[in-house]
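Asks: Below is a structure I'd like to ask you about.
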Amino acid sequence: MMVPESNRIRFKGQKLLLVDDDASLLKLLSIRLHHLGLNVLTVESAAEALAALPVFNPQLVITDLRMDEMNGMALYEQIQQTRPMLPVIIMTAHGTIKEAVEATSLGVFGFITKPINHIELNEQIEKAFKLHTNLAYDFLDAEWRENIIGQSSVMESLLKDLYHVSQSDISVYIQGESGTGKELVAQAIHKASPRKDKPFVAVNCSAIPEELLESELFGHKRGAFSGAIENRKGLFELADGGVLFLDEIGDMSPSFQVKLLRALQEGEIRPVGESQTRPIDVRVVSASHRDLKQMVEEKTFRLDLYYRLNIVTLKLPNLTQRPEDIPLLVNHFIKSDAKVKKISNEAMEILLGYEWPGNIRELKNVIDQVCAFATTPLIPASLIEKALQKKSLSIPSFNEARKKFERDYLIQLLKLAGGNVSHAARIAKRNRTEFYRLLSRHMLKPANFKEENK
Ligand SMILES: Nc1ncnc2c1ncn2[C@@H]1O[C@H](COP(=O)(O)OP(=O)(O)OP(=O)(O)O)[C@@H](O)[C@H]1O
Ligand SMILES: [Mg+2]
């Protein structure tokens, strides 16, 4: 027997959410669409559809127009708020041209009248997948976002922006407080981009002393300075064809900012001690927990470099701005521990009420810690309380520790030298200019350490 053309398998398991308050039609239609190769979830109201969205992550929604409570157009408008790219097809038994025109002018993908003409419906579904294919496939279940947990609308819209900017080579600046996932997002940009098969190279600009940063990024020639025993490629070259992630860019010294700007403007670098420049093909993504714009106003960050790095800003929300993601993150972090299964409701409530100054990194540390101490499969509230109390005594981040050390060291030095900068710089084995820069970074005034001021 010949299978009619309209019943041929033509889809590859794409997810379709089907909404209709007519249960029998829902059943018939879903069986048919299932046979065509679609992964169909049916719901009988718009409210249920909205609840199913974040769980099912459909690539297409087909909904009836006339439904009690919330109709198909209202559902479409709600979907638009959180997933503007998700195509929606509306079905109606009372279809008029006027309604169809209105709906499509509002951005509804398609409009189909009941009784349903299957050939027409198939065509609309195919067209929806074709036009949204990249987005639907690459966006929803995609590998690039698999490590990023979060279904809050702020995260969804951030990920959507991220996906779009990833497709081109424009510079992206990621701003977010400590532990909000800046590095993870930078990696996702790489994974979602056409450069994904080329290297991703990350460098923390604040962890590398200024005098080493140049050779680290641009490389050096053998003999360029003492210790340069062989030619070495810089990170720009190692990232060739891929993405270079400049982390904590706000900590880069003004003099190095000039060098970086030149490299980005010219599209070439010159290794230390080398006379020839080399072309570079690198996409730059940068990040900082500082407010670069404010730094520009304070003249500690160059405006021209700011414009070059910051064509698009992705601003990461603090964890407290997306509390609905906390349970998801908690379960995600627990999963990596085999002996712990769940967290008690009371414990979850405490986590939901906490301020999270260290954001996701802090949440992860707390969960790792309670999992390590848990003796039962269900984590009790007391364990969480203990972990949160200990946090206040916990060790600072590397950057914080480094900053404190530098400051204490400089104070000690200035005291010893009685506020004489040349003297202090000599003891520290730094030149005066550099030493002044260190002092200003810590807002220390040598005059305050002079004998007569004591
Ligand atoms: N959305 C997320 N889903 C799952 N894990 C996350 C998410 N965001 C961050 N993390 C985890 O939290 C930790 C901190 O993330 P990341 O290092 O990317 O943050 P950061 O903003 O660069 O932090 P810092 O300012 O301290 O450098 C990592 O272990 C990361 O895997
Ligand atoms: Mg980081």
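Ordering of the structure tokens sets the chain letters (A, B, ...); residue numbers start at 1 within each chain; ligands are numbered from 1 in the order shown.
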Assign secondary structure with DSSP using the backbone only, and return the residues of range 39-226 of chain A in helix (DSSP H, G or I) as number ranges by chain.

Replies: A: 46-56, 72-82, 97-105, 118-140, 143-145, 153-166, 182-192, 210-218

Asks: Could I get the residue neighbourhood of ligand 2 at 8 Å, counting only C-alpha atoms and all ligand atoms, as a list in words?

Replies: Ser178, Gly179, Gly181, Lys182, Glu183, Asn204, Asp247, Glu248, Ala287 and Ser288 of chain A

Asks: Of the residues A:Ile90, A:Ile249, A:Met70, A:Leu121, which is the one nearest to ligand 1, using only C-alpha atoms and all ligand atoms?

Replies: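 Between A:Ile90, A:Ile249, A:Met70, A:Leu121, the residue approaching ligand 1 most closely is A:Ile249.
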
Asks: Could you list the protein, DNA and RNA residues that have any atom within 7 Å of ligand 1, counting only C-alpha atoms and all ligand atoms, and write them as a tab-separated table (two decimals) with C-alpha atoms, in the first residue's frame?

Replies:
```
chain	number	residue	atom	x	y	z
A	147	ASN	CA	27.33	23.50	31.28
A	148	ILE	CA	25.31	26.61	31.89
A	149	ILE	CA	22.50	25.90	34.28
A	150	GLY	CA	19.66	28.40	34.44
A	176	GLY	CA	29.61	40.44	36.15
A	177	GLU	CA	30.45	40.30	39.80
A	178	SER	CA	32.77	37.71	41.19
A	179	GLY	CA	31.60	34.14	40.64
A	180	THR	CA	28.70	34.96	38.29
A	181	GLY	CA	30.05	32.71	35.53
A	182	LYS	CA	32.07	35.07	33.33
A	183	GLU	CA	34.58	32.45	32.31
A	184	LEU	CA	31.88	29.88	31.65
A	185	VAL	CA	30.08	32.36	29.41
A	289	HIS	CA	34.18	42.39	37.67
A	329	LEU	CA	22.07	24.88	40.42
A	360	ILE	CA	27.54	30.81	41.88
A	361	ARG	CA	31.10	30.08	42.83
A	364	LYS	CA	29.11	25.63	44.47
```

Asks: Smallest atom-to-atom distance to Thr63 in chain A: which of A:Val19, A:Leu351, A:Ile31, A:Leu305, using only C-alpha atoms?

Replies: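 Closest residue, counting only C-alpha atoms: A:Val19.
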
Asks: Pick from A:Pro115, A:Arg430, A:Asn399, A:His442: nearest to Ile411 in chain A, with only C-alpha atoms counted?

Replies: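 Smallest distance to Ile411 in chain A is found for A:His442.
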